[in-house]
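Participant: Pasting a structure below so you can have a look.
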Amino acid sequence: MFQERFVRGHGGKKIPIPYYPIDQVGADERAQFFTKRSIKKESKINALYTIISMIDLTTLEGADTPGKVKQMCAKARFPVPRGVYQDIANHPKAKALPSVAAVCVYPSMVPHAAEALEGTDIQVASVATAFPSGQLPIDLKVADVERAVEFGATEIDMVINRGAFLSGDYQTVFDEIIQIKEACGDAHLKVILETGELVTYDRVHFASQLSMLAGADFIKTSTGKVQPAATLPVTLVMLNAIKDYYKHTGVKVGMKPAGGIRTAKQAIAYLCMVNEVLGSDWLTPDLFRFGASTLLNDVLKQIYKQVTGRYYYDKIFSLD
Amino acid sequence: MLDKEKDKKKKKHSKSANKTVKVKTHKAPFEFEYSDAPESRDIVKIKERNLLYINGQWQEPSEGSFFPTLNPADGEVLAEVAEASAADVDKAVQAARKAYEGTWSKIPAHERGKYIFRIARILQERAREFAVLETLDNGKPIKESRDVDIPLVASHFFYNAGWADKLDYAFPGHKVTPIGVAAQVIPWNFPLLMAAWKIAPALATGNCVVLKPAETTPLTALLLAEVIEQAGLPPGVVNIVTGAGKTGAALVNHPDVNKVAFTGSTEVGRIIAKAVAKTNKKLTLELGGKSAHIVYEDAAIDQAVEGVVNGIFFNQGHVCCAGSRLLVEESIAKDFVEKLKERMSQIRVGDPLDKNTDVGAINSHRELEKIRGFINEAKEEGWEYFSASATELPGKGFFQKPCFFNDVGSAASIFRQEVFGPVLAISTFRTPQEAISKANDTPYGLAAGVWSEKASKIQKTALGLKAGVIWANTYNKFDPSSPFGGYYESGWGREGGRHGLFPYVEVQ
């Protein structure tokens, strides 16, 4: 409240960043509240469909190859075998499965993903800016982004400069996001805070505000390379920041928890939280995404259970 | 709605192109309506006629009269319950006396402990059954009876069972002896939990009890009698007599009672204090409150909003320590109230058995009328009113939307009197001194909440507050090891923790 923190924007304009303390115990407790929501019947099946449409199907390994990426893109397009798809689609309670929102890969894999997804409305997201550490000079980060966009990425997942952030140099963090945003052109920018390295919720909230002020289209919890990755409470803190930002500016910023969300049940708790904190306006892939890889199969499994009343054995769903 | 056949508007992109495309998918937002998720009531078998539990037996009431207990969620009769006359009460007290003299005060302390541990374990095993029954009879949401009431009940028995053979350590350097027969009269807001608060320490210290549950919520206490039977307690150690005010008066005034413990309204508490004044009975009273939340401008606002909501809307506001007054620092008052409004509009009021219900039914028509009386009076006085919920109120049963009155004058009855419902009164302050004096400006003194991220400020404020329980950056946290009780008109004595043993022993 009394600690004035600010960054300088265009032309040296002072942009104040309000100080919101977060009580960790209270935030954790509030987040737990959403795991108690009991989502059944119609609401469950609708939620499961929505979750699929919000998934950024992700592979970010040193061992990624064109073949691996193509397989994942195929999974994005055809998540279940034809027979199962028909079982679900033909069921009176169900409807055709949506596709995932995007696939998320390293820049060098973007051309392969773009090719594999040509003609679909699945977006190609690329991590960039020396992901996951972000420890490169800014000009190289910008080049990283420019190349990814040139290769066909329509969404860029950047990491903030945690080194600068933790040393108190918020200006550098802010300036870098602005430069990356410019390099993105029309591509959507998701800003990864790497909350597992910021640790305190105060910092998470502050970093969220800083990123939104710098022009983030989405704020995202984690790279998935640091533990803990996405958690409900950390996402709650970011959702609250998004809400405050929306109230002050009228701008709707998206949210993407990434890493550690493996089950449909977990994902539903996230949806309940978004629904009750930000409202249903945010329940669209335009404003909410899950960064996940194994989540998709569990959601498919649960949809199958919901429409047919029984579980299929796991092996029916392809691994990738 | 969200299938890929729709929305093919997106332009194709090419890997060689320098231009990128707009990526907004423009999918319609998903309207997330929660389907009904009711907990099944099949687990509970409610007897149509419920008798008195005296001397380890189920006994017919001597005058043969029964009264109905309702499900406040639909106003329908759940069961008929025996009304204990003075003669029945006398039988119960005699049974307790006999058990006290004959067995309970004689058996080794660790044996007493074993019985109480057994009760705790059986309660845990039958937790779901108790939770559903509590919700049916009381109207509180299943979420609370399942996650708060029943687990706390078990933990109170566990905690006190542990003391049974360690009383010498609870009162170092002293010998303690039990008092005898305890008459315990409990309210309807936490029916089973209040029974546990009363029975567990009494048994642990070697006393026998006659308990009278509230007339609108007797069923879980009677189910507890089954558990006591199941645990094999000697007959007469715990007796449960049901009835209304008359039964309670007969119990409190019984000459062979050594100790009276009452939780309920300040009004009845006064009557009991007068009645007991001319006797040598020991007395503890757990009465009303008008507890204050003090929210400083340096508080964690989102969490404070949550705490205020939990403080006043938990259990429909039927909580003696409910944070029914909100004192918020003027510099943040506007934003705070705005956030509170938003949060309140997400509260789901409805069928208490639905697992997604946040606020259930008001316990009785009488209480609902009382609450509405307060609301109407405050509206007539012209205070700014706001009420909201995420769901429509059910067409039947007794329900009240969560609401608040903003910028209320300190003399308004909504700011001074206990409403005992989901009604919050909001006022502002400028300095810590003013916050403390406003918080203390009440005949009550049960609880308070202080919200600030500055620990020194919390400490200083807490020291100035005249209240038995003070929560810092949280509210309505209960633990069997922590003493609970109030200043002034909020009561006499403490329950819970080591202090909760005091009223049940003579210290030598």
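Ordering of the structure tokens sets the chain letters (A, B, ...), residue numbers begin anew at 1 in every chain, and ligands are numbered from 1 in the order given.
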Identify, with DSSP run on backbone atoms, the residues in stretch 58-230 of chain B assigned to strand (DSSP E), and express the list as an MDAnalysis selection string.

Facilitator: chainID B and resid 58:59 66:71 76:82 176:178 181:185 208:212

Participant: Take the selection from the previous step and output its residues with C-alpha atoms, as an mmCIF file, in the first residue's frame.

Facilitator:
```
data_model
loop_
_atom_site.group_PDB
_atom_site.id
_atom_site.type_symbol
_atom_site.label_atom_id
_atom_site.label_comp_id
_atom_site.auth_asym_id
_atom_site.auth_seq_id
_atom_site.Cartn_x
_atom_site.Cartn_y
_atom_site.Cartn_z
ATOM 1 C CA TRP B 58 -35.045 -45.910 25.643
ATOM 2 C CA GLN B 59 -37.976 -44.775 27.760
ATOM 3 C CA PHE B 66 -44.392 -35.912 21.636
ATOM 4 C CA PHE B 67 -43.445 -32.972 19.469
ATOM 5 C CA PRO B 68 -42.398 -32.837 15.809
ATOM 6 C CA THR B 69 -38.993 -31.857 14.495
ATOM 7 C CA LEU B 70 -38.884 -30.404 10.983
ATOM 8 C CA ASN B 71 -36.542 -30.421 8.056
ATOM 9 C CA GLU B 76 -41.752 -31.273 6.463
ATOM 10 C CA VAL B 77 -41.850 -33.295 9.670
ATOM 11 C CA LEU B 78 -38.833 -35.566 10.040
ATOM 12 C CA ALA B 79 -39.843 -37.329 13.233
ATOM 13 C CA GLU B 80 -41.775 -37.160 16.489
ATOM 14 C CA VAL B 81 -39.683 -36.655 19.578
ATOM 15 C CA ALA B 82 -40.624 -37.346 23.187
ATOM 16 C CA VAL B 176 -8.747 -32.844 41.056
ATOM 17 C CA THR B 177 -12.041 -34.570 41.670
ATOM 18 C CA PRO B 178 -15.194 -34.642 39.547
ATOM 19 C CA VAL B 181 -24.021 -34.666 37.798
ATOM 20 C CA ALA B 182 -23.863 -32.080 35.036
ATOM 21 C CA ALA B 183 -27.045 -30.624 33.516
ATOM 22 C CA GLN B 184 -26.293 -29.520 29.983
ATOM 23 C CA VAL B 185 -28.587 -27.521 27.752
ATOM 24 C CA CYS B 208 -22.130 -38.004 34.559
ATOM 25 C CA VAL B 209 -24.440 -35.950 32.394
ATOM 26 C CA VAL B 210 -28.026 -35.222 31.519
ATOM 27 C CA LEU B 211 -28.121 -33.429 28.198
ATOM 28 C CA LYS B 212 -31.056 -31.599 26.678
#
```

Participant: Would you kindly return, as a ChimeraX atom specification, each protein, DNA or RNA residue with an atom no farther than 6 Å from any atom of stretch 461-473 of chain B, considering only C-alpha atoms and excluding same-chain residues fewer than 5 positions away?

Facilitator: /B:445-451,485-487

Participant: Using only C-alpha atoms, pick whichever of B:Glu134, B:Asp358, B:Glu342, B:Glu48 has the shortest atom-to-atom distance to A:Phe34.

Facilitator: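 Looking only at the distances to A:Phe34, the closest residue turns out to be B:Asp358.
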
Participant: Taking into account only C-alpha atoms, which residue in the set A:Phe218, A:Tyr85, A:Tyr313, A:Phe151 is nearest to chain B?

Facilitator: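 The answer is A:Phe151, which sits nearest to chain B.
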
Participant: Give me every alpha helix (DSSP H) residue in stretch 106-305 of chain A, going by DSSP on the backbone, as a VMD selection string.

Facilitator: chain A and resid 110 to 116 138 to 150 162 to 166 170 to 184 195 to 198 201 to 213 232 to 249 264 to 277 295 to 305

Participant: Would you save the residues of that selection, restricted to C-alpha atoms, as a CSV table (one decimal), in the first residue's frame?

Facilitator:
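Writing done, so here's selection.csv:
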```csv
chain,number,residue,atom,x,y,z
A,110,VAL,CA,7.3,-25.1,-35.1
A,111,PRO,CA,7.6,-25.8,-38.9
A,112,HIS,CA,6.7,-29.4,-38.3
A,113,ALA,CA,3.8,-28.6,-36.2
A,114,ALA,CA,2.5,-26.0,-38.5
A,115,GLU,CA,2.7,-28.4,-41.4
A,116,ALA,CA,0.9,-31.1,-39.5
A,138,ILE,CA,17.4,-9.7,-24.9
A,139,ASP,CA,18.4,-9.4,-28.6
A,140,LEU,CA,18.7,-13.1,-28.8
A,141,LYS,CA,15.4,-13.6,-27.1
A,142,VAL,CA,13.8,-11.3,-29.6
A,143,ALA,CA,15.4,-13.2,-32.4
A,144,ASP,CA,14.1,-16.4,-30.9
A,145,VAL,CA,10.6,-15.0,-30.9
A,146,GLU,CA,10.9,-13.6,-34.4
A,147,ARG,CA,12.0,-16.9,-35.8
A,148,ALA,CA,9.3,-18.8,-34.1
A,149,VAL,CA,6.7,-16.5,-35.5
A,150,GLU,CA,8.3,-16.7,-38.9
A,162,ARG,CA,13.5,-14.0,-13.2
A,163,GLY,CA,17.1,-13.0,-12.6
A,164,ALA,CA,16.1,-9.4,-13.1
A,165,PHE,CA,12.8,-9.8,-11.2
A,166,LEU,CA,14.4,-11.4,-8.1
A,170,TYR,CA,11.4,-4.7,-12.5
A,171,GLN,CA,12.1,-2.2,-15.3
A,172,THR,CA,14.1,-4.8,-17.2
A,173,VAL,CA,11.4,-7.4,-16.8
A,174,PHE,CA,8.9,-4.9,-18.0
A,175,ASP,CA,10.9,-3.6,-21.0
A,176,GLU,CA,11.7,-7.2,-22.1
A,177,ILE,CA,8.1,-8.1,-22.2
A,178,ILE,CA,7.3,-5.0,-24.3
A,179,GLN,CA,10.0,-5.9,-26.8
A,180,ILE,CA,8.9,-9.5,-27.0
A,181,LYS,CA,5.3,-8.3,-27.5
A,182,GLU,CA,6.5,-6.2,-30.4
A,183,ALA,CA,8.4,-9.1,-31.9
A,184,CYS,CA,5.2,-11.2,-31.7
A,195,THR,CA,5.8,-19.2,-10.1
A,196,GLY,CA,7.9,-22.1,-8.7
A,197,GLU,CA,10.9,-19.7,-8.7
A,198,LEU,CA,9.1,-16.6,-7.5
A,201,TYR,CA,2.2,-15.2,-3.7
A,202,ASP,CA,3.0,-11.5,-3.2
A,203,ARG,CA,5.6,-11.8,-5.9
A,204,VAL,CA,3.3,-13.8,-8.1
A,205,HIS,CA,0.7,-11.1,-7.9
A,206,PHE,CA,3.2,-8.4,-8.5
A,207,ALA,CA,4.7,-10.2,-11.5
A,208,SER,CA,1.2,-10.8,-12.9
A,209,GLN,CA,0.5,-7.1,-12.8
A,210,LEU,CA,3.8,-6.2,-14.3
A,211,SER,CA,3.2,-8.6,-17.2
A,212,MET,CA,-0.3,-7.4,-17.8
A,213,LEU,CA,0.8,-3.8,-17.8
A,232,LEU,CA,-4.7,-24.0,-7.6
A,233,PRO,CA,-3.7,-21.3,-5.1
A,234,VAL,CA,-1.1,-19.8,-7.4
A,235,THR,CA,-3.6,-19.8,-10.2
A,236,LEU,CA,-6.1,-18.1,-7.8
A,237,VAL,CA,-3.7,-15.4,-7.0
A,238,MET,CA,-3.2,-14.8,-10.7
A,239,LEU,CA,-6.9,-14.8,-11.5
A,240,ASN,CA,-7.4,-12.2,-8.8
A,241,ALA,CA,-4.7,-10.1,-10.4
A,242,ILE,CA,-6.5,-10.5,-13.8
A,243,LYS,CA,-9.7,-9.4,-12.2
A,244,ASP,CA,-8.2,-6.3,-10.6
A,245,TYR,CA,-6.6,-5.5,-13.9
A,246,TYR,CA,-9.8,-5.9,-15.8
A,247,LYS,CA,-11.6,-3.6,-13.3
A,248,HIS,CA,-9.0,-0.9,-13.7
A,249,THR,CA,-8.5,-1.1,-17.5
A,264,ALA,CA,-10.1,-34.3,-15.3
A,265,LYS,CA,-11.0,-33.8,-11.7
A,266,GLN,CA,-8.2,-31.4,-11.2
A,267,ALA,CA,-9.1,-29.5,-14.3
A,268,ILE,CA,-12.7,-29.2,-13.3
A,269,ALA,CA,-11.6,-27.6,-10.0
A,270,TYR,CA,-9.8,-25.0,-12.1
A,271,LEU,CA,-12.9,-24.4,-14.2
A,272,CYS,CA,-15.0,-23.9,-11.1
A,273,MET,CA,-12.4,-21.4,-9.8
A,274,VAL,CA,-12.4,-19.4,-13.0
A,275,ASN,CA,-16.1,-19.5,-13.1
A,276,GLU,CA,-16.5,-18.2,-9.5
A,277,VAL,CA,-13.6,-15.7,-9.5
A,295,LEU,CA,-4.7,-34.4,-19.2
A,296,LEU,CA,-6.3,-35.0,-22.6
A,297,ASN,CA,-6.5,-38.8,-22.2
A,298,ASP,CA,-8.0,-38.6,-18.7
A,299,VAL,CA,-10.7,-36.2,-20.0
A,300,LEU,CA,-11.5,-38.4,-22.9
A,301,LYS,CA,-11.8,-41.4,-20.5
A,302,GLN,CA,-14.2,-39.5,-18.3
A,303,ILE,CA,-16.3,-38.3,-21.3
A,304,TYR,CA,-16.6,-41.9,-22.4
A,305,LYS,CA,-17.6,-42.8,-18.9
```

Participant: So that I can check the surroundings of B:Ser481, please list as a ChimeraX atom specification every protein, DNA and RNA residue that reaches within 8 Å of it, counting only C-alpha atoms and ignoring chain neighbours fewer than 4 positions away.

Facilitator: /B:159,496-498

Participant: I'd like the contact shell of B:Pro402 - 10 Å cut-off, only C-alpha atoms, skipping same-chain residues fewer than 5 positions apart - returned as a list in words.

Facilitator: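 Everything that qualifies: Val309, Ile312, Phe313, Gln316, Gly317, Met344, Ser345, Ile347, Arg348, Val349, Val359, Phe386, Ser387, Ala388, Ser389, Gly421, Pro422, Val423 and Leu424 of chain B.
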
Participant: Keeping only C-alpha atoms, write the selected residues as a CSV table (one decimal), in the first residue's frame.

Facilitator:
```
chain,number,residue,atom,x,y,z
B,309,VAL,CA,-17.8,-14.0,4.1
B,312,ILE,CA,-20.8,-14.1,8.8
B,313,PHE,CA,-22.3,-16.6,6.2
B,316,GLN,CA,-26.2,-19.3,7.7
B,317,GLY,CA,-24.8,-16.9,10.3
B,344,MET,CA,-21.5,-12.6,-2.2
B,345,SER,CA,-23.0,-13.0,-5.6
B,347,ILE,CA,-22.7,-17.8,-2.8
B,348,ARG,CA,-24.9,-20.7,-3.6
B,349,VAL,CA,-28.0,-20.8,-1.4
B,359,VAL,CA,-25.5,-21.5,2.6
B,386,PHE,CA,-27.4,-5.3,-0.4
B,387,SER,CA,-28.2,-8.9,-0.8
B,388,ALA,CA,-27.1,-11.5,-3.4
B,389,SER,CA,-26.6,-15.1,-4.1
B,421,GLY,CA,-28.5,-14.9,10.7
B,422,PRO,CA,-26.7,-14.1,7.4
B,423,VAL,CA,-26.8,-10.4,8.0
B,424,LEU,CA,-23.7,-8.3,8.2
```

Participant: List as a ChimeraX atom specification the protein and nucleic acid residues near stretch 142-147 of chain B, meaning an atom at most 7 Å away when only C-alpha atoms are counted, but skip any in the same chain fewer than 6 places from it.

Facilitator: /B:128,131-132,134-135,352-355

Participant: Grab the residues selected above and save them as a JSON list (two decimals), in the first residue's frame with N, CA and C atoms.

Facilitator:
```
[["chain", "number", "residue", "atom", "x", "y", "z"],
["B", 128, "ARG", "N", -20.70, -40.16, 7.99],
["B", 128, "ARG", "CA", -21.57, -39.77, 6.91],
["B", 128, "ARG", "C", -23.03, -39.74, 7.37],
["B", 131, "ALA", "N", -23.56, -36.73, 9.45],
["B", 131, "ALA", "CA", -23.55, -35.50, 8.65],
["B", 131, "ALA", "C", -24.89, -35.31, 7.95],
["B", 132, "VAL", "N", -25.40, -36.39, 7.36],
["B", 132, "VAL", "CA", -26.67, -36.27, 6.64],
["B", 132, "VAL", "C", -27.80, -35.94, 7.61],
["B", 134, "GLU", "N", -27.58, -34.45, 10.51],
["B", 134, "GLU", "CA", -27.43, -33.08, 11.01],
["B", 134, "GLU", "C", -27.97, -32.08, 9.99],
["B", 135, "THR", "N", -27.64, -32.33, 8.74],
["B", 135, "THR", "CA", -28.11, -31.43, 7.68],
["B", 135, "THR", "C", -29.63, -31.48, 7.55],
["B", 352, "PRO", "N", -29.80, -27.88, 1.37],
["B", 352, "PRO", "CA", -28.63, -28.15, 2.23],
["B", 352, "PRO", "C", -27.94, -29.47, 1.90],
["B", 353, "LEU", "N", -28.68, -30.42, 1.35],
["B", 353, "LEU", "CA", -28.06, -31.72, 1.04],
["B", 353, "LEU", "C", -27.24, -31.67, -0.25],
["B", 354, "ASP", "N", -27.40, -30.60, -1.04],
["B", 354, "ASP", "CA", -26.61, -30.49, -2.26],
["B", 354, "ASP", "C", -25.17, -30.16, -1.90],
["B", 355, "LYS", "N", -24.25, -30.92, -2.49],
["B", 355, "LYS", "CA", -22.85, -30.76, -2.09],
["B", 355, "LYS", "C", -22.26, -29.41, -2.52]]
```

Participant: Quick one: residues within 9 Å of B:Ile414, only C-alpha atoms counted, chain neighbours fewer than 3 positions away excluded, as a list in words?

Facilitator: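 Surrounding residues, per the criterion: Arg325, Phe374, Ile375, Glu377, Ala378, Phe405, Val408, Gly409, Ser410, Ala411, Gln417, Glu418, Val419, Val423, Leu424 and Ala425 of chain B.
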
Participant: Between B:Thr266, B:Ser331, B:Asn356, B:Ser85, single out the one closest to B:Ser35, counting only C-alpha atoms.

Facilitator: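 Comparing B:Thr266, B:Ser331, B:Asn356, B:Ser85 against B:Ser35, the winner is B:Asn356.
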
Participant: Just how far from atom CA of A:Glu42 is atom CA of A:Ile122, in Å to one decimal?

Facilitator: 26.1 Å

Participant: Taking only C-alpha atoms into account, which of B:Leu251, B:Ile301, B:Leu501, B:Ile54 comes nearest chain A?

Facilitator: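 Among the listed residues, the smallest separation from chain A belongs to B:Ile301.
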